[in-house]
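The structure appears right after this line, and notes come after that.
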Amino acid sequence: MATLSHTSAYTTSSATGWQARYRKFVTDGEFNRTGWAATALAIQGCVLSPTLLLTMAYLGGGDWQFLVGMLCFLLVLVPILAAMPLKNLVPAFGISVAIQLTIILLNIF
């Protein structure tokens with residue numbers, strides 16, 4: 001009886017996946033964490049939150065939208081004030097942006 005042998009192993013390189021790129025990004029960006037935190041806070045506090053409040057005021061948003069908008073702002077503020085690593089700040093900011101943009105688009109359309 002013949003034995004089957006595999007000539008090449010199927011492996012994935014750790015440097016090619018999106019998770020590896022993300023890990024490298026947050027590791028390299030840790031040196032500039034203050035800049036990333038200031039940018040996230042500026043985008044959140046000066047662009048997204050006022051836009052959400054204006055669309056709520058002019059297009060008739062509910063109280064739940066205000067509550068969710070403020071919780072999204074808090075979702076970004078907590079990792080910044082707690083001096084958490086960038087790997088915690090980036091997903092929090094991404095989730096917050098996605099939720100607030102969804103509410104803004106919900107008000108517009």
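Each chain in the structure tokens gets a letter, A, B and so on, in the order shown; residues start at 1 in every chain, and ligands are counted from 1 in the order they appear.
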Write out as a PDB file with N, CA and C atoms, in the first residue's frame each polymer residue whose atoms come within 10 Å of range 84-97 of chain A, counting only C-alpha atoms; drop sequence neighbours fewer than 5 positions from it.
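Just written: result30.pdb:
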ATOM      1  N   TYR A  22      -3.158  45.098  10.841  1.00  0.00           N
ATOM      2  CA  TYR A  22      -3.763  45.903  11.908  1.00  0.00           C
ATOM      3  C   TYR A  22      -2.870  45.909  13.145  1.00  0.00           C
ATOM      4  N   ARG A  23      -2.350  44.738  13.522  1.00  0.00           N
ATOM      5  CA  ARG A  23      -1.458  44.665  14.681  1.00  0.00           C
ATOM      6  C   ARG A  23      -0.205  45.509  14.469  1.00  0.00           C
ATOM      7  N   PHE A  25      -0.015  48.128  12.501  1.00  0.00           N
ATOM      8  CA  PHE A  25      -0.440  49.526  12.529  1.00  0.00           C
ATOM      9  C   PHE A  25      -0.561  50.050  13.959  1.00  0.00           C
ATOM     10  N   VAL A  26      -1.217  49.285  14.828  1.00  0.00           N
ATOM     11  CA  VAL A  26      -1.397  49.771  16.204  1.00  0.00           C
ATOM     12  C   VAL A  26      -0.090  49.729  16.990  1.00  0.00           C
ATOM     13  N   THR A  27       0.783  48.797  16.660  1.00  0.00           N
ATOM     14  CA  THR A  27       2.084  48.760  17.332  1.00  0.00           C
ATOM     15  C   THR A  27       2.937  49.952  16.913  1.00  0.00           C
ATOM     16  N   ASP A  28       2.961  50.235  15.609  1.00  0.00           N
ATOM     17  CA  ASP A  28       3.742  51.376  15.129  1.00  0.00           C
ATOM     18  C   ASP A  28       3.112  52.705  15.539  1.00  0.00           C
ATOM     19  N   GLY A  29       1.788  52.746  15.617  1.00  0.00           N
ATOM     20  CA  GLY A  29       1.105  53.982  15.960  1.00  0.00           C
ATOM     21  C   GLY A  29       1.094  54.296  17.436  1.00  0.00           C
ATOM     22  N   GLU A  30       1.550  53.376  18.253  1.00  0.00           N
ATOM     23  CA  GLU A  30       1.549  53.593  19.701  1.00  0.00           C
ATOM     24  C   GLU A  30       2.443  54.768  20.093  1.00  0.00           C
ATOM     25  N   PHE A  31       3.487  55.003  19.310  1.00  0.00           N
ATOM     26  CA  PHE A  31       4.376  56.134  19.582  1.00  0.00           C
ATOM     27  C   PHE A  31       3.624  57.455  19.425  1.00  0.00           C
ATOM     28  N   ASN A  32       2.700  57.507  18.456  1.00  0.00           N
ATOM     29  CA  ASN A  32       1.918  58.715  18.193  1.00  0.00           C
ATOM     30  C   ASN A  32       0.506  58.602  18.758  1.00  0.00           C
ATOM     31  N   ARG A  33       0.335  57.916  19.857  1.00  0.00           N
ATOM     32  CA  ARG A  33      -0.996  57.699  20.428  1.00  0.00           C
ATOM     33  C   ARG A  33      -1.699  58.999  20.780  1.00  0.00           C
ATOM     34  N   THR A  34      -0.956  59.973  21.245  1.00  0.00           N
ATOM     35  CA  THR A  34      -1.560  61.256  21.595  1.00  0.00           C
ATOM     36  C   THR A  34      -2.142  61.934  20.362  1.00  0.00           C
ATOM     37  N   TRP A  36      -3.175  60.389  17.588  1.00  0.00           N
ATOM     38  CA  TRP A  36      -4.354  59.625  17.171  1.00  0.00           C
ATOM     39  C   TRP A  36      -5.535  59.923  18.080  1.00  0.00           C
ATOM     40  N   ALA A  37      -5.287  60.050  19.370  1.00  0.00           N
ATOM     41  CA  ALA A  37      -6.363  60.353  20.318  1.00  0.00           C
ATOM     42  C   ALA A  37      -6.936  61.740  20.056  1.00  0.00           C
ATOM     43  N   ALA A  40      -9.024  61.566  16.824  1.00  0.00           N
ATOM     44  CA  ALA A  40     -10.307  60.885  17.044  1.00  0.00           C
ATOM     45  C   ALA A  40     -11.265  61.771  17.824  1.00  0.00           C
ATOM     46  N   LEU A  41     -10.761  62.453  18.835  1.00  0.00           N
ATOM     47  CA  LEU A  41     -11.608  63.333  19.635  1.00  0.00           C
ATOM     48  C   LEU A  41     -12.076  64.539  18.827  1.00  0.00           C
ATOM     49  N   ILE A  43     -12.480  64.692  15.481  1.00  0.00           N
ATOM     50  CA  ILE A  43     -13.476  64.236  14.505  1.00  0.00           C
ATOM     51  C   ILE A  43     -14.794  63.950  15.201  1.00  0.00           C
ATOM     52  N   GLN A  44     -14.711  63.317  16.346  1.00  0.00           N
ATOM     53  CA  GLN A  44     -15.925  62.961  17.086  1.00  0.00           C
ATOM     54  C   GLN A  44     -16.626  64.203  17.615  1.00  0.00           C
ATOM     55  N   LEU A  48     -18.707  64.887  13.886  1.00  0.00           N
ATOM     56  CA  LEU A  48     -19.818  63.934  13.953  1.00  0.00           C
ATOM     57  C   LEU A  48     -20.916  64.335  14.930  1.00  0.00           C
ATOM     58  N   SER A  49     -20.561  64.706  16.141  1.00  0.00           N
ATOM     59  CA  SER A  49     -21.587  65.051  17.133  1.00  0.00           C
ATOM     60  C   SER A  49     -22.391  66.286  16.739  1.00  0.00           C
ATOM     61  N   VAL A  68     -27.974  57.800  22.129  1.00  0.00           N
ATOM     62  CA  VAL A  68     -26.999  56.960  21.424  1.00  0.00           C
ATOM     63  C   VAL A  68     -25.812  57.796  20.956  1.00  0.00           C
ATOM     64  N   GLY A  69     -26.064  59.019  20.493  1.00  0.00           N
ATOM     65  CA  GLY A  69     -24.978  59.903  20.068  1.00  0.00           C
ATOM     66  C   GLY A  69     -24.027  60.241  21.200  1.00  0.00           C
ATOM     67  N   MET A  70     -24.579  60.517  22.375  1.00  0.00           N
ATOM     68  CA  MET A  70     -23.728  60.831  23.523  1.00  0.00           C
ATOM     69  C   MET A  70     -22.976  59.595  24.023  1.00  0.00           C
ATOM     70  N   LEU A  71     -23.613  58.439  23.957  1.00  0.00           N
ATOM     71  CA  LEU A  71     -22.915  57.209  24.343  1.00  0.00           C
ATOM     72  C   LEU A  71     -21.786  56.887  23.363  1.00  0.00           C
ATOM     73  N   CYS A  72     -21.991  57.199  22.087  1.00  0.00           N
ATOM     74  CA  CYS A  72     -20.916  57.003  21.104  1.00  0.00           C
ATOM     75  C   CYS A  72     -19.748  57.941  21.385  1.00  0.00           C
ATOM     76  N   PHE A  73     -20.060  59.168  21.763  1.00  0.00           N
ATOM     77  CA  PHE A  73     -18.996  60.100  22.140  1.00  0.00           C
ATOM     78  C   PHE A  73     -18.245  59.576  23.359  1.00  0.00           C
ATOM     79  N   LEU A  74     -18.983  59.031  24.311  1.00  0.00           N
ATOM     80  CA  LEU A  74     -18.373  58.455  25.506  1.00  0.00           C
ATOM     81  C   LEU A  74     -17.538  57.223  25.163  1.00  0.00           C
ATOM     82  N   LEU A  75     -17.971  56.472  24.155  1.00  0.00           N
ATOM     83  CA  LEU A  75     -17.236  55.284  23.717  1.00  0.00           C
ATOM     84  C   LEU A  75     -15.841  55.649  23.228  1.00  0.00           C
ATOM     85  N   VAL A  76     -15.685  56.832  22.661  1.00  0.00           N
ATOM     86  CA  VAL A  76     -14.365  57.290  22.220  1.00  0.00           C
ATOM     87  C   VAL A  76     -13.612  57.960  23.369  1.00  0.00           C
ATOM     88  N   LEU A  77     -14.333  58.658  24.217  1.00  0.00           N
ATOM     89  CA  LEU A  77     -13.692  59.419  25.286  1.00  0.00           C
ATOM     90  C   LEU A  77     -13.077  58.527  26.369  1.00  0.00           C
ATOM     91  N   VAL A  78     -13.708  57.415  26.678  1.00  0.00           N
ATOM     92  CA  VAL A  78     -13.219  56.542  27.753  1.00  0.00           C
ATOM     93  C   VAL A  78     -11.830  55.966  27.450  1.00  0.00           C
ATOM     94  N   PRO A  79     -11.578  55.388  26.252  1.00  0.00           N
ATOM     95  CA  PRO A  79     -10.212  54.892  26.002  1.00  0.00           C
ATOM     96  C   PRO A  79      -9.160  55.996  25.987  1.00  0.00           C
ATOM     97  N   THR A 102     -24.799  56.101  10.734  1.00  0.00           N
ATOM     98  CA  THR A 102     -26.069  55.414  10.500  1.00  0.00           C
ATOM     99  C   THR A 102     -27.241  56.261  10.984  1.00  0.00           C
ATOM    100  N   ILE A 103     -27.111  56.858  12.149  1.00  0.00           N
ATOM    101  CA  ILE A 103     -28.192  57.694  12.673  1.00  0.00           C
ATOM    102  C   ILE A 103     -28.363  58.953  11.827  1.00  0.00           C
TER     103      ILE A 103
END
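Across A:Leu67, A:Leu59, A:Leu81, A:Val47, the tightest approach to Phe109 in chain A is made by A:Leu59 when counting only C-alpha atoms.
As for CA of Ala38 in chain A and CA of Ala83 in chain A, they are spaced 12.1 Å apart.
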Next on the checklist: When DSSP is applied to the backbone of this structure, which of chain A are assigned helix (DSSP H, G or I)? Write them out as JSON, numbers by chain.
Outcome noted: {"A": [18, 19, 20, 21, 22, 23, 24, 25, 26, 27, 28, 29, 30, 31, 32, 33, 34, 35, 36, 37, 38, 39, 40, 41, 42, 43, 44, 45, 46, 47, 48, 49, 50, 51, 52, 53, 54, 55, 56, 57, 58, 59, 63, 64, 65, 66, 67, 68, 69, 70, 71, 72, 73, 74, 75, 76, 77, 78, 79, 80, 81, 86, 87, 88, 89, 90, 91, 92, 93, 94, 95, 96, 97, 98, 99, 100, 101, 102, 103, 104, 105, 106, 107, 108]}
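Take CA of Leu101 in chain A and CA of Gln19 in chain A: the distance between them is 24.7 Å.
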